[in-house]
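Structure first, then comments.
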Amino acid sequence: MTVNEIKEKYRITGDYHTHTVYSRVGPYLHGKGRIIDNVRAASEKGLSEIAITDHGPSDFYGLDPKRIPEMRADIEEAMKAYPDVKVYLGVEADIVDSANGLDVAPEDFKDYDFVNAGYHYVPNCNMMGNFASFHVPVSEKAKEKLRADNTARIVRALTNNKIKILTHPGDKAFIDEEVVAAACEKSGTLVEINARHRHPNAADLRIYAAHDVKFIISSDAHKPENVGRYAESLALAFEAGITPDRIVNIEERKDG
């Protein structure tokens, strides 16, 4: 099925991984649009729900927790302007070497509607080793050590927290997909098919599909125009043998 055929037959109902100008460092904006810009894009594309999930506080572009009330106010304003879209405030926490495995502490979960989590190049997460392993030749011994450590940290994060979505697993960190898939199955965590990153690819997704897990397609939009991007990711899911009933935010078009 081509991407155009997918767009004609299927639609995405909600996008639960998007970034805004609250992902920033000083004047440098990692996310390019305001909350209302992402919500407007969701409305124009017929989505019924969207989540604002800027980066966790340890990230180079991490949100400032002191600005959460401001984010809540922006969300209320956006929902008044676009009442057809339900807006959630989430966070894309970083998987790090902390007590609960995240850069968002358990007592801070109450600040968000839900927490996603993924690997990024941040301190306290094998940052230099993970970055190097994707950009320069690394020995198999070093790679396997990284894989074991990265995998253990994901399992700890999934075990110790209620995480909604494991974002782009396998991107920015070598992992043992079999072990991570089993942990997602046990914890009930959604496995993300990410529209922006190289992983998980079709081979990765076949491993997850062999386990009793559900999937979710996310745009990981850093610009409003990319909110709701899904067709290429759904094509990737089909390539991996994943049927639409296993993807929680995909449905057939009623006029398709």
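Just so we're on the same page: first chain in the structure tokens is A, next is B, and so on; residues restart at 1 for each chain, and ligands are numbered from 1 in the order they show up.
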Using only C-alpha atoms, find each residue in range 19-138 of chain A having at least one atom no more than 12 Å away from range 197-215 of chain A; report its shortest atom-to-atom pair and that distance in Å (one decimal), rows by chain then rising number, as a tab-separated table.
```
residue	atom	partner	partner_atom	distance
A:Gly118	CA	A:His199	CA	11.8
A:Tyr119	CA	A:His199	CA	11.6
A:His120	CA	A:His197	CA	11.8
A:Phe134	CA	A:Arg198	CA	11.6
```
For the residues in that selection, give me C-alpha atoms as a compact mmCIF listing (two decimals), in the first residue's frame.
```txt
# COMPACT_ATOMS: atom_id res chain seq x y z
CA GLY A 118 13.22 8.03 25.69
CA TYR A 119 16.96 8.16 25.22
CA HIS A 120 18.64 11.41 24.19
CA PHE A 134 26.38 6.03 16.08
```
Show which residues sit within 8 Å of Asp220 in chain A, as a PDB file with all heavy atoms, in the first residue's frame. Count only C-alpha atoms, and ignore same-chain residues fewer than 4 positions away.
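Listed below is the output, result_3.pdb:
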```pdb
ATOM      1  N   HIS A  17       3.086  13.192  20.957  1.00  0.00           N
ATOM      2  CA  HIS A  17       4.518  13.508  21.096  1.00  0.00           C
ATOM      3  C   HIS A  17       4.819  14.675  20.162  1.00  0.00           C
ATOM      4  O   HIS A  17       5.139  14.493  18.991  1.00  0.00           O
ATOM      5  CB  HIS A  17       5.357  12.274  20.752  1.00  0.00           C
ATOM      6  CG  HIS A  17       6.831  12.476  20.882  1.00  0.00           C
ATOM      7  ND1 HIS A  17       7.735  11.464  20.605  1.00  0.00           N
ATOM      8  CD2 HIS A  17       7.584  13.546  21.245  1.00  0.00           C
ATOM      9  CE1 HIS A  17       8.968  11.912  20.792  1.00  0.00           C
ATOM     10  NE2 HIS A  17       8.897  13.176  21.168  1.00  0.00           N
ATOM     11  N   THR A  18       4.718  15.895  20.694  1.00  0.00           N
ATOM     12  CA  THR A  18       5.044  17.092  19.916  1.00  0.00           C
ATOM     13  C   THR A  18       5.806  18.073  20.799  1.00  0.00           C
ATOM     14  O   THR A  18       5.647  18.079  22.024  1.00  0.00           O
ATOM     15  CB  THR A  18       3.789  17.794  19.353  1.00  0.00           C
ATOM     16  OG1 THR A  18       3.101  18.499  20.412  1.00  0.00           O
ATOM     17  CG2 THR A  18       2.840  16.793  18.703  1.00  0.00           C
ATOM     18  N   HIS A  19       6.624  18.901  20.165  1.00  0.00           N
ATOM     19  CA  HIS A  19       7.459  19.866  20.875  1.00  0.00           C
ATOM     20  C   HIS A  19       7.094  21.296  20.482  1.00  0.00           C
ATOM     21  O   HIS A  19       6.561  21.540  19.392  1.00  0.00           O
ATOM     22  CB  HIS A  19       8.934  19.603  20.583  1.00  0.00           C
ATOM     23  CG  HIS A  19       9.409  18.281  21.089  1.00  0.00           C
ATOM     24  ND1 HIS A  19       9.831  18.082  22.389  1.00  0.00           N
ATOM     25  CD2 HIS A  19       9.504  17.067  20.472  1.00  0.00           C
ATOM     26  CE1 HIS A  19      10.174  16.808  22.545  1.00  0.00           C
ATOM     27  NE2 HIS A  19       9.980  16.175  21.402  1.00  0.00           N
ATOM     28  N   ASN A 194       8.050   6.218  15.280  1.00  0.00           N
ATOM     29  CA  ASN A 194       8.368   7.640  15.245  1.00  0.00           C
ATOM     30  C   ASN A 194       8.542   8.128  13.815  1.00  0.00           C
ATOM     31  O   ASN A 194       9.275   7.525  13.032  1.00  0.00           O
ATOM     32  CB  ASN A 194       9.639   7.888  16.072  1.00  0.00           C
ATOM     33  CG  ASN A 194       9.959   9.341  16.258  1.00  0.00           C
ATOM     34  OD1 ASN A 194      10.398  10.007  15.336  1.00  0.00           O
ATOM     35  ND2 ASN A 194       9.745   9.840  17.475  1.00  0.00           N
ATOM     36  N   ALA A 195       7.876   9.220  13.486  1.00  0.00           N
ATOM     37  CA  ALA A 195       7.920   9.740  12.124  1.00  0.00           C
ATOM     38  C   ALA A 195       9.189  10.533  11.831  1.00  0.00           C
ATOM     39  O   ALA A 195       9.417  10.914  10.684  1.00  0.00           O
ATOM     40  CB  ALA A 195       6.698  10.629  11.872  1.00  0.00           C
ATOM     41  N   ARG A 196      10.016  10.752  12.839  1.00  0.00           N
ATOM     42  CA  ARG A 196      11.162  11.655  12.673  1.00  0.00           C
ATOM     43  C   ARG A 196      12.509  10.944  12.714  1.00  0.00           C
ATOM     44  O   ARG A 196      13.487  11.436  12.159  1.00  0.00           O
ATOM     45  CB  ARG A 196      11.098  12.719  13.780  1.00  0.00           C
ATOM     46  CG  ARG A 196      12.047  13.888  13.623  1.00  0.00           C
ATOM     47  CD  ARG A 196      11.683  15.005  14.584  1.00  0.00           C
ATOM     48  NE  ARG A 196      12.552  16.172  14.421  1.00  0.00           N
ATOM     49  CZ  ARG A 196      13.639  16.396  15.145  1.00  0.00           C
ATOM     50  NH1 ARG A 196      13.990  15.547  16.101  1.00  0.00           N
ATOM     51  NH2 ARG A 196      14.364  17.467  14.943  1.00  0.00           N
ATOM     52  N   VAL A 227       2.965  18.350  12.778  1.00  0.00           N
ATOM     53  CA  VAL A 227       2.010  17.722  13.692  1.00  0.00           C
ATOM     54  C   VAL A 227       1.094  16.787  12.899  1.00  0.00           C
ATOM     55  O   VAL A 227       0.630  17.130  11.808  1.00  0.00           O
ATOM     56  CB  VAL A 227       1.179  18.793  14.420  1.00  0.00           C
ATOM     57  CG1 VAL A 227      -0.030  18.170  15.113  1.00  0.00           C
ATOM     58  CG2 VAL A 227       2.040  19.545  15.428  1.00  0.00           C
TER      59      VAL A 227
END
```
- Task: Return as a VMD selection string the full set of residues in range 19-245 of chain A whose backbone-based DSSP assignment is helix (DSSP H, G or I).
- Result: chain A and resid 35 to 44 65 to 81 106 to 111 127 to 135 140 to 160 177 to 187 202 to 209 224 to 226 231 to 239 244 to 245
(request) Tell me, as a PyMOL selection string, which residues lie within 6 Å of range 72-87 of chain A, counting only C-alpha atoms; anything in the same chain fewer than 6 positions away does not count. (result) chain A and resi 36+48-51
Could you save those same residues with all heavy atoms as an mmCIF file, in the first residue's frame?
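again.cif was written with the following content:
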```cif
data_model
loop_
_atom_site.group_PDB
_atom_site.id
_atom_site.type_symbol
_atom_site.label_atom_id
_atom_site.label_comp_id
_atom_site.auth_asym_id
_atom_site.auth_seq_id
_atom_site.Cartn_x
_atom_site.Cartn_y
_atom_site.Cartn_z
ATOM 1 N N ILE A 36 -0.279 26.991 20.847
ATOM 2 C CA ILE A 36 -1.462 27.231 20.031
ATOM 3 C C ILE A 36 -1.202 26.911 18.563
ATOM 4 O O ILE A 36 -2.132 26.507 17.834
ATOM 5 C CB ILE A 36 -1.985 28.669 20.214
ATOM 6 C CG1 ILE A 36 -3.431 28.773 19.723
ATOM 7 C CG2 ILE A 36 -1.061 29.676 19.527
ATOM 8 C CD1 ILE A 36 -4.120 30.062 20.126
ATOM 9 N N SER A 48 -8.352 14.766 16.940
ATOM 10 C CA SER A 48 -9.220 15.078 18.074
ATOM 11 C C SER A 48 -8.437 15.328 19.352
ATOM 12 O O SER A 48 -8.968 15.922 20.295
ATOM 13 C CB SER A 48 -10.222 13.943 18.309
ATOM 14 O OG SER A 48 -9.544 12.721 18.551
ATOM 15 N N GLU A 49 -7.157 14.898 19.388
ATOM 16 C CA GLU A 49 -6.331 15.088 20.568
ATOM 17 C C GLU A 49 -4.891 15.378 20.167
ATOM 18 O O GLU A 49 -4.423 14.927 19.121
ATOM 19 C CB GLU A 49 -6.358 13.853 21.481
ATOM 20 C CG GLU A 49 -7.725 13.548 22.075
ATOM 21 C CD GLU A 49 -7.688 12.435 23.098
ATOM 22 O OE1 GLU A 49 -6.788 11.560 23.011
ATOM 23 O OE2 GLU A 49 -8.551 12.434 23.990
ATOM 24 N N ILE A 50 -4.209 16.120 21.046
ATOM 25 C CA ILE A 50 -2.778 16.361 20.867
ATOM 26 C C ILE A 50 -2.157 16.500 22.252
ATOM 27 O O ILE A 50 -2.828 16.928 23.198
ATOM 28 C CB ILE A 50 -2.510 17.629 20.028
ATOM 29 C CG1 ILE A 50 -1.012 17.767 19.698
ATOM 30 C CG2 ILE A 50 -3.026 18.873 20.725
ATOM 31 C CD1 ILE A 50 -0.683 18.928 18.782
ATOM 32 N N ALA A 51 -0.896 16.123 22.353
ATOM 33 C CA ALA A 51 -0.150 16.325 23.598
ATOM 34 C C ALA A 51 1.057 17.208 23.317
ATOM 35 O O ALA A 51 1.716 17.085 22.279
ATOM 36 C CB ALA A 51 0.297 15.005 24.199
#
```
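Counting only C-alpha atoms, the residue from A:Lys32, A:His135, A:Lys162, A:Lys186 that sits nearest to Ala93 in chain A is A:Lys162.
If you measure from each of A:Gly90, A:Asp15, A:Tyr28, A:Glu107 to Ala41 in chain A using only C-alpha atoms, the closest one turns out to be A:Asp15.
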| Who sits within 8 Å of range 138-155 of chain A, only C-alpha atoms, same chain under 2 positions skipped, as a list in words |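 What passes the distance filter is Ile95, Val96, Asp97, Gly101, Cys125, Asn126, Gly129, Asn130, Ala132, Ser133, Val136, Ala157, Leu158, Thr159, Ala173, Phe174, Ile175, Asp176, Val179, Val180 and Ala183 of chain A.
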- Message: I'd like the contact shell of Val25 in chain A - 12 Å cut-off, only C-alpha atoms, skipping same-chain residues fewer than 5 positions apart - returned as a PyMOL selection string.
- Response: chain A and resi 30-31+55+57-64
Selected residues, N, CA and C atoms, written as a PDB file, in the first residue's frame, please.
```
ATOM      1  N   HIS A  30      14.390  24.862  20.172  1.00  0.00           N
ATOM      2  CA  HIS A  30      14.434  23.497  19.646  1.00  0.00           C
ATOM      3  C   HIS A  30      13.099  23.182  18.984  1.00  0.00           C
ATOM      4  N   GLY A  31      12.019  23.490  19.682  1.00  0.00           N
ATOM      5  CA  GLY A  31      10.696  23.439  19.071  1.00  0.00           C
ATOM      6  C   GLY A  31      10.383  24.812  18.498  1.00  0.00           C
ATOM      7  N   HIS A  55      10.866  18.479  26.150  1.00  0.00           N
ATOM      8  CA  HIS A  55      11.904  17.632  26.719  1.00  0.00           C
ATOM      9  C   HIS A  55      12.007  17.783  28.234  1.00  0.00           C
ATOM     10  N   PRO A  57      13.730  18.025  32.049  1.00  0.00           N
ATOM     11  CA  PRO A  57      14.572  19.134  32.536  1.00  0.00           C
ATOM     12  C   PRO A  57      16.068  18.919  32.427  1.00  0.00           C
ATOM     13  N   SER A  58      16.543  17.676  32.292  1.00  0.00           N
ATOM     14  CA  SER A  58      17.990  17.474  32.177  1.00  0.00           C
ATOM     15  C   SER A  58      18.485  17.633  30.752  1.00  0.00           C
ATOM     16  N   ASP A  59      17.562  17.654  29.805  1.00  0.00           N
ATOM     17  CA  ASP A  59      17.930  17.772  28.406  1.00  0.00           C
ATOM     18  C   ASP A  59      18.525  19.150  28.129  1.00  0.00           C
ATOM     19  N   PHE A  60      19.440  19.190  27.165  1.00  0.00           N
ATOM     20  CA  PHE A  60      20.017  20.473  26.759  1.00  0.00           C
ATOM     21  C   PHE A  60      18.929  21.470  26.378  1.00  0.00           C
ATOM     22  N   TYR A  61      17.833  20.947  25.785  1.00  0.00           N
ATOM     23  CA  TYR A  61      16.699  21.777  25.390  1.00  0.00           C
ATOM     24  C   TYR A  61      15.513  21.594  26.337  1.00  0.00           C
ATOM     25  N   GLY A  62      15.784  21.170  27.561  1.00  0.00           N
ATOM     26  CA  GLY A  62      14.704  20.790  28.462  1.00  0.00           C
ATOM     27  C   GLY A  62      13.836  21.958  28.898  1.00  0.00           C
ATOM     28  N   LEU A  63      12.575  21.641  29.175  1.00  0.00           N
ATOM     29  CA  LEU A  63      11.653  22.649  29.667  1.00  0.00           C
ATOM     30  C   LEU A  63      12.032  23.067  31.091  1.00  0.00           C
ATOM     31  N   ASP A  64      11.634  24.252  31.445  1.00  0.00           N
ATOM     32  CA  ASP A  64      11.837  24.774  32.792  1.00  0.00           C
ATOM     33  C   ASP A  64      10.588  24.458  33.599  1.00  0.00           C
TER      34      ASP A  64
END
```
If you count only C-alpha atoms, the residue of A:Ser233, A:Thr20, A:Thr53, A:Asn116 closest to Leu190 in chain A turns out to be A:Asn116
With distances taken over only C-alpha atoms, the candidate from A:Ile163, A:Val248, A:Ile35, A:Ile193 nearest Leu236 in chain A is A:Ile193
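The shortest atom-to-atom distance to Ala42 in chain A, with only C-alpha atoms taken into account, belongs to A:Gly228 out of A:Pro244, A:Gly228, A:Pro69, A:Gly56.
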Among the residues A:Asp37, A:Asp54, A:Asp245, A:Glu5, the one that comes closest to Arg24 in chain A [using only C-alpha atoms]: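 Using only C-alpha atoms, the shortest distance to Arg24 in chain A belongs to A:Asp54.
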- request: Please give the complete set of residues from range 97-166 of chain A that DSSP, run on the backbone, assigns to strand (DSSP E), formatted as a list in words.
  value: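 Here are the strand (DSSP E) residues of range 97-166 of chain A: Phe114, Val115, Asn116, Ala117, Gly118, Ile165 and Leu166 of chain A.
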With only C-alpha atoms as the counted atoms, please give the residues lying no more than 12 Å from Phe109 in chain A, apart from itself and same-chain residues fewer than 2 positions off, as a ChimeraX atom specification. /A:56,65,89-93,100,102-107,111-116,161-164
